[in-house]
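Participant: After the structure tokens below, expect a handful of questions from me.
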Amino acid sequence: MSHSDVTNRSDVIVLGAGLAGLSAARDLAAAGVDVRVLEARGRVGGRVEQSTLADGRIVQWGGEVVGPSHTSYTQLVAELGLTLVPAFAELPGDDVWLMAEGRSQGEGIPWFTDDDRRSYERIEHAFGELVRSVDPANPWAHPEAEKLDRLSVGQWLRSEGATPNVVRARDVAMLALAAESVERTSLLSDLRKEAAVGATGFYDYEVWEVSRVGEGSATVALRMAETLGHRVTLGAVVHRIDVSPRGCRVVLASGETFTAAAVISTIPAGPLRSIRIDGLSDARRTSLDRQRHALTSKVTVAYPDSFWAADGLNGTSYAEVGMLGGTWVQRDGILSALVPPERQSAFLATSPERLQSELLDELALAFGPRTRDPLQLTVRRWATDPFTLGYITSWRPGDVMGVGPLHGTHEPPFYVAGSDQWVCGYMEGAVRTGRAAAAAVLQQGG
Ligand SMILES: Cc1cc2nc3c(=O)[nH]c(=O)nc-3n(C[C@H](O)[C@H](O)[C@H](O)COP(=O)(O)OP(=O)(O)OC[C@H]3O[C@@H](n4cnc5c(N)ncnc54)[C@H](O)[C@@H]3O)c2cc1C
């Protein structure tokens with residue numbers, strides 16, 4: 001049988017069955033378009049993935065929480081008949097900080113001096129003013145775009161007279177999210193990210209992380225895949241794409257070939273680089289190639305209950321030392337933690353035999369000896385997973401200008417979607433760009 005068999009022809013091919021690819025395909029299928037989704041892995045969901053404990057609790061290994069301004073995601077959740085429940089940001093109790101000098105707990109940033117507090121407040125206000133001056137859809141139009149992009153967040157904080165502890169606090173907060181350090185993050189990219197959600201200050205859990213899907217965030221992907229049924233092909237590793245107004249051709253690593261009038265690529269920045277793409281403009285290829293991810297691994301630790309609450313703790317921690325950037329409560333009794341990019345080397349270079357005990361020792365510093373006896377500890381190495389090679393978008397100084405205004409735009413019949421194509425990653429970015437790409441294809445008539 002020839003690889004260009006007629007059954008391998010469709011109107012539109014979607015590359016990747018994460019939230020972006022599935023939400024694009026769902027809208028196209030609903031509009032009567034003959035769509036096929038090609039997914040490299042043996043499962044759908046991409047960076048949303050989950051397992052279930054023996055007691056029925058669902059454990060999230062990837063994307064988890066969203067904020068109130070994540071309207072594309074929350075609307076999709078409602079359309080699928082799923083429910084949003086409060087996430088950890090609402091939990092009462094103290095945060096824990098593990099700084100080089102030792103442990104502290106309390107409201108706000110308990111290890112700050114009064115001077116640090118005044119400095120933080122003043123500088124957060126200045127940051128909020130700058131956020132208001134950036135159009136998230138077009139940061140390149142800012143009169144000082146180039147300068148703001150060249151500056152790292154750390155350089156800017158110091159130029160505003162931040163105390164050393166304020167710079168440290170911002171660094172630790174970024175690392176707890178497994179974002180890059182303030183020293184390697186473009187100020188313009190950080191301003192754009194906060195402008196996209198209408199924030200008035202630094203990254204805030206109340207803005208970004210207040211809800212989660214009660215049925216499990218990977219269930220969003222699973223529900224969409226159920227509806228798409230046979231349209232999703234698993235185990236299909238895309239190797240080459242030929243783009244032409246006369247039609248597109250997608251070749252898998254197996255040699256199997258698929259053709260369609262249009263292609264929507266939702267493949268993350270890293271894996272996309274090893275796919276040969278012909279027929280795109282040089283400017284587009286350069287822009288796609290400039291995108292990069294922060295690298296992370298995610299650790300989840302399950303206990304029978306949230307025992308730390310008895311000590312007045314909410315399960316949130318920030319760590320300047322160790323491998324984990326910090327923790328938060330995923331759901332009752334389950335802690336999530338991310339390994340920040342700059343600590344991946346310590347993490348990946350630790351023997352599997354030592355890793356679990358070292359991670360539990362770190363948790364014990366924050367929450368006491370009971371952490372050493374979990375029901376389950378899982379480690380998901382997204383940084384080295386060949387079909388992710390990262391985590392979420394990370395923009396170094398100069399990257400916003402380097403990627404340029406082609407970011408998130410299409411070159412029909414080649415369309416892009418995926419969280420990398422939004423301002424800063426996240427499940428909202430995946431759904432928003434997935435549905436927008438489907439709408440753009442429909443508008444072009446395929
Ligand atoms: C540990 C972790 C925690 C996170 N936490 C949050 C959070 O709390 N809140 C939030 O909003 N976001 C979070 N995110 C980010 C969020 O999960 C992602 O931004 C979002 O799920 C990405 O969806 P996507 O469809 O754009 O990309 P993906 O989910 O990466 O989907 C892309 C698909 O393309 C496939 N693919 C790759 N290469 C090929 C190839 N060659 N051929 C065919 N298919 C290929 C992949 O297998 C994958 O299924 C987190 C991510 C991680 C990893």
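Residue numbering restarts at 1 for every chain of the structure tokens, chains are lettered A, B, ... in their displayed order, and ligands are numbered from 1 as they appear.
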Set the cut-off to 6 Å, count only C-alpha atoms and all ligand atoms, and list whatever residues fall near ligand 1 as a VMD selection string.
Facilitator: chain A and resid 15 to 21 38 to 41 44 to 48 62 to 66 236 to 239 266 to 268 271 298 382 387 to 388 391 to 392 418 to 419 425 to 428 430
Participant: Can you pull out the residues contacting A:Thr316? Cut-off 10 Å, using only C-alpha atoms, and skip same-chain residues under 6 positions away; I want them as a ChimeraX atom specification.
Facilitator: /A:88-89,91,93-97,176,326-329,335-337,366-367
Participant: Hey, which of A:Ser181, A:Gln330, A:Thr393, A:Gly404 ends up closest to A:Ala141? Count only C-alpha atoms.
Facilitator: A:Gly404
Participant: Near A:Leu53, counting only C-alpha atoms, which residues have an atom at most 12 Å away, once you skip same-chain residues fewer than 3 positions from it, shown as a PyMOL selection string?
Facilitator: chain A and resi 50+56-60+300-304+333-334+375-378
Participant: Got a sec: who's within 10 Å of A:Asp289, counting only C-alpha atoms, leaving out chain neighbours fewer than 4 positions off, as a PyMOL selection string?
Facilitator: chain A and resi 269-270+272-273+283-285+402-403
Participant: Find the residues around A:Leu175 up to 7 Å (only C-alpha atoms counted), leave out those fewer than 5 positions away in its own chain, and share them as an mmCIF file with N, CA and C atoms, in the first residue's frame.
Facilitator:
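Okay, part.cif is ready:
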```
data_model
loop_
_atom_site.group_PDB
_atom_site.id
_atom_site.type_symbol
_atom_site.label_atom_id
_atom_site.label_comp_id
_atom_site.auth_asym_id
_atom_site.auth_seq_id
_atom_site.Cartn_x
_atom_site.Cartn_y
_atom_site.Cartn_z
ATOM 1 N N GLU A 180 12.473 31.207 34.893
ATOM 2 C CA GLU A 180 13.902 31.495 34.976
ATOM 3 C C GLU A 180 14.135 32.523 36.076
ATOM 4 N N SER A 181 15.377 32.617 36.519
ATOM 5 C CA SER A 181 15.755 33.617 37.509
ATOM 6 C C SER A 181 15.442 35.028 36.998
ATOM 7 N N GLY A 325 11.909 24.451 44.063
ATOM 8 C CA GLY A 325 11.728 25.903 44.167
ATOM 9 C C GLY A 325 10.729 26.263 45.249
ATOM 10 N N PRO A 340 13.213 24.353 39.595
ATOM 11 C CA PRO A 340 13.465 25.475 38.676
ATOM 12 C C PRO A 340 14.560 25.164 37.669
#
```
Participant: What are the closest atom pairs, with distances in Å to one decimal, for each residue of stretch 151-216 of chain A lying within 12 Å of stretch 99-118 of chain A, using only C-alpha atoms, rows by chain and rising residue number, as CSV?
Facilitator:
```
residue,atom,partner,partner_atom,distance
A:Gly161,CA,A:Asp116,CA,10.8
A:Ala162,CA,A:Asp116,CA,8.0
A:Thr163,CA,A:Asp116,CA,6.1
A:Pro164,CA,A:Asp116,CA,8.3
A:Asn165,CA,A:Asp116,CA,6.5
A:Val166,CA,A:Asp116,CA,6.2
A:Val167,CA,A:Asp116,CA,9.8
A:Arg168,CA,A:Met99,CA,9.5
A:Ala169,CA,A:Ile109,CA,7.9
A:Arg170,CA,A:Ile109,CA,10.7
A:Asp171,CA,A:Met99,CA,11.6
A:Val172,CA,A:Met99,CA,8.9
A:Ala173,CA,A:Ile109,CA,10.6
A:Asp204,CA,A:Gly108,CA,11.9
```
Participant: Could the residues of stretch 71-172 of chain A that have an atom at most 8 Å from stretch 187-199 of chain A be listed as a tab-separated table, each with its closest atom pair and the distance in Å to one decimal, counting only C-alpha atoms and ordered by chain and ascending residue number?
Facilitator:
```
residue	atom	partner	partner_atom	distance
A:Phe127	CA	A:Leu191	CA	7.7
A:Gly128	CA	A:Ala199	CA	7.4
A:Leu130	CA	A:Leu191	CA	7.0
A:Val131	CA	A:Leu191	CA	4.9
A:Arg132	CA	A:Ala195	CA	6.6
A:Val134	CA	A:Arg192	CA	6.2
A:Asp135	CA	A:Ala195	CA	6.9
A:Pro136	CA	A:Arg192	CA	4.9
A:Ala137	CA	A:Ala196	CA	7.9
A:Pro139	CA	A:Arg192	CA	6.7
A:Ala145	CA	A:Leu188	CA	7.0
A:Leu148	CA	A:Leu188	CA	5.0
A:Asp149	CA	A:Leu188	CA	4.6
A:Arg150	CA	A:Leu187	CA	7.6
A:Leu151	CA	A:Leu187	CA	5.7
A:Ser152	CA	A:Leu187	CA	5.2
A:Val153	CA	A:Leu187	CA	4.7
A:Trp156	CA	A:Leu187	CA	7.3
```
Participant: Pull the strand (DSSP E) assignments for stretch 200-377 of chain A out of DSSP run on the backbone, and list those residues as a PyMOL selection string.
Facilitator: chain A and resi 211-213+232-233+238-242+248-252+257-260+262-265+276-278+297-302+313-319+326-331+334-339+376-377
Participant: By how many Å are atom CA of A:Leu406 and atom CA of A:His142 apart?
Facilitator: 15.9 Å
Participant: Which is closer to A:Arg292 than all the others in A:Ala383, A:Val207, A:Ala436, A:Ala31, using only C-alpha atoms?
Facilitator: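 Once distances to A:Arg292 are computed over only C-alpha atoms, the minimum belongs to A:Ala383.
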Participant: So that I can check the surroundings of A:Ala417, please list as a PyMOL selection string every protein, DNA and RNA residue that reaches within 9 Å of it, counting only C-alpha atoms and ignoring chain neighbours fewer than 4 positions away.
Facilitator: chain A and resi 20-21+24+264-267+408-410+421-422+429-437
Participant: For a quick check of understanding, using only C-alpha atoms, which of A:Ala349, A:Leu324, A:Val400, A:Ala309 has the smallest distance to A:Gly368?
Facilitator: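 So, comparing all the options, the nearest one is A:Ala309.
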Participant: Which value, in Å to one decimal, gives the distance between atom CA of A:Ala87 and atom CA of A:Trp208?
Facilitator: 10.4 Å
Participant: Record the distance separating atom CA of A:Leu157 and atom CA of A:Glu183, expressed in Å with one decimal.
Facilitator: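 Going from atom CA of A:Leu157 over to atom CA of A:Glu183, I get 10.0 Å.
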Participant: Could you give me, as a VMD selection string, each residue of stretch 111-267 of chain A that DSSP assigns to alpha helix (DSSP H) when run on this structure's backbone?
Facilitator: chain A and resid 114 to 132 145 to 150 153 to 159 164 to 176 187 to 196 205 to 208 217 to 228
Participant: Residues as selected, C-alpha atoms, written as a PDB file, in the first residue's frame, can you do that?
Facilitator:
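Below is the file selection24.pdb, written as the result:
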```pdb
ATOM      1  CA  ASP A 114      10.828  47.323  57.422  1.00  0.00           C
ATOM      2  CA  ASP A 115      13.167  48.884  54.906  1.00  0.00           C
ATOM      3  CA  ASP A 116      12.714  45.894  52.560  1.00  0.00           C
ATOM      4  CA  ARG A 117       8.934  46.134  52.932  1.00  0.00           C
ATOM      5  CA  ARG A 118       8.897  49.823  51.955  1.00  0.00           C
ATOM      6  CA  SER A 119      11.180  49.119  49.013  1.00  0.00           C
ATOM      7  CA  TYR A 120       9.009  46.179  47.822  1.00  0.00           C
ATOM      8  CA  GLU A 121       5.822  48.237  47.977  1.00  0.00           C
ATOM      9  CA  ARG A 122       7.330  51.177  46.096  1.00  0.00           C
ATOM     10  CA  ILE A 123       8.860  48.997  43.403  1.00  0.00           C
ATOM     11  CA  GLU A 124       5.777  46.873  42.915  1.00  0.00           C
ATOM     12  CA  HIS A 125       3.856  50.106  42.336  1.00  0.00           C
ATOM     13  CA  ALA A 126       6.429  51.190  39.705  1.00  0.00           C
ATOM     14  CA  PHE A 127       6.173  47.727  38.090  1.00  0.00           C
ATOM     15  CA  GLY A 128       2.368  48.067  37.964  1.00  0.00           C
ATOM     16  CA  GLU A 129       2.706  51.464  36.252  1.00  0.00           C
ATOM     17  CA  LEU A 130       4.964  49.907  33.619  1.00  0.00           C
ATOM     18  CA  VAL A 131       2.560  46.965  33.168  1.00  0.00           C
ATOM     19  CA  ARG A 132      -0.161  49.463  32.267  1.00  0.00           C
ATOM     20  CA  ALA A 145      10.256  48.159  23.761  1.00  0.00           C
ATOM     21  CA  GLU A 146      13.851  47.443  22.869  1.00  0.00           C
ATOM     22  CA  LYS A 147      15.229  48.898  26.103  1.00  0.00           C
ATOM     23  CA  LEU A 148      12.663  47.121  28.311  1.00  0.00           C
ATOM     24  CA  ASP A 149      13.381  43.835  26.552  1.00  0.00           C
ATOM     25  CA  ARG A 150      17.162  44.187  26.901  1.00  0.00           C
ATOM     26  CA  VAL A 153      13.973  41.911  35.710  1.00  0.00           C
ATOM     27  CA  GLY A 154      16.917  41.815  38.161  1.00  0.00           C
ATOM     28  CA  GLN A 155      18.707  44.732  36.470  1.00  0.00           C
ATOM     29  CA  TRP A 156      15.521  46.757  36.467  1.00  0.00           C
ATOM     30  CA  LEU A 157      14.837  46.052  40.171  1.00  0.00           C
ATOM     31  CA  ARG A 158      18.331  47.277  41.061  1.00  0.00           C
ATOM     32  CA  SER A 159      18.007  50.316  38.779  1.00  0.00           C
ATOM     33  CA  PRO A 164      19.094  43.231  47.896  1.00  0.00           C
ATOM     34  CA  ASN A 165      16.408  41.338  49.820  1.00  0.00           C
ATOM     35  CA  VAL A 166      13.703  42.570  47.441  1.00  0.00           C
ATOM     36  CA  VAL A 167      15.697  41.207  44.487  1.00  0.00           C
ATOM     37  CA  ARG A 168      16.123  37.933  46.375  1.00  0.00           C
ATOM     38  CA  ALA A 169      12.424  37.711  47.190  1.00  0.00           C
ATOM     39  CA  ARG A 170      11.450  38.217  43.549  1.00  0.00           C
ATOM     40  CA  ASP A 171      14.029  35.645  42.477  1.00  0.00           C
ATOM     41  CA  VAL A 172      12.753  33.039  44.921  1.00  0.00           C
ATOM     42  CA  ALA A 173       9.142  33.711  43.884  1.00  0.00           C
ATOM     43  CA  MET A 174      10.037  33.220  40.195  1.00  0.00           C
ATOM     44  CA  LEU A 175      11.982  30.042  40.944  1.00  0.00           C
ATOM     45  CA  ALA A 176       9.050  28.622  42.933  1.00  0.00           C
ATOM     46  CA  LEU A 187      11.548  42.777  31.810  1.00  0.00           C
ATOM     47  CA  LEU A 188       9.324  43.370  28.769  1.00  0.00           C
ATOM     48  CA  SER A 189       8.237  39.723  28.756  1.00  0.00           C
ATOM     49  CA  ASP A 190       7.312  39.888  32.439  1.00  0.00           C
ATOM     50  CA  LEU A 191       5.381  43.137  31.919  1.00  0.00           C
ATOM     51  CA  ARG A 192       3.571  41.635  28.934  1.00  0.00           C
ATOM     52  CA  LYS A 193       2.613  38.554  30.940  1.00  0.00           C
ATOM     53  CA  GLU A 194       1.042  40.597  33.724  1.00  0.00           C
ATOM     54  CA  ALA A 195      -0.597  43.007  31.240  1.00  0.00           C
ATOM     55  CA  ALA A 196      -2.292  40.006  29.592  1.00  0.00           C
ATOM     56  CA  TYR A 205      -1.355  33.530  42.959  1.00  0.00           C
ATOM     57  CA  GLU A 206      -4.714  35.293  43.428  1.00  0.00           C
ATOM     58  CA  VAL A 207      -4.536  36.371  39.790  1.00  0.00           C
ATOM     59  CA  TRP A 208      -3.090  33.226  38.225  1.00  0.00           C
ATOM     60  CA  SER A 217      -7.126  19.008  34.531  1.00  0.00           C
ATOM     61  CA  ALA A 218      -6.126  16.215  32.125  1.00  0.00           C
ATOM     62  CA  THR A 219      -9.827  15.286  31.996  1.00  0.00           C
ATOM     63  CA  VAL A 220     -10.319  18.428  29.874  1.00  0.00           C
ATOM     64  CA  ALA A 221      -8.117  16.847  27.200  1.00  0.00           C
ATOM     65  CA  LEU A 222      -9.593  13.370  27.631  1.00  0.00           C
ATOM     66  CA  ARG A 223     -13.153  14.675  27.158  1.00  0.00           C
ATOM     67  CA  MET A 224     -12.231  16.448  23.936  1.00  0.00           C
ATOM     68  CA  ALA A 225     -10.423  13.370  22.623  1.00  0.00           C
ATOM     69  CA  GLU A 226     -13.503  11.223  23.333  1.00  0.00           C
ATOM     70  CA  THR A 227     -15.582  13.450  21.058  1.00  0.00           C
ATOM     71  CA  LEU A 228     -12.897  13.478  18.379  1.00  0.00           C
TER      72      LEU A 228
END
```
Participant: Counting only C-alpha atoms, which residue out of A:Ser254, A:Ser394, A:Glu411, A:Gly235 sits closest to A:Ser186?
Facilitator: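 Between A:Ser254, A:Ser394, A:Glu411, A:Gly235, the residue approaching A:Ser186 most closely is A:Ser394.
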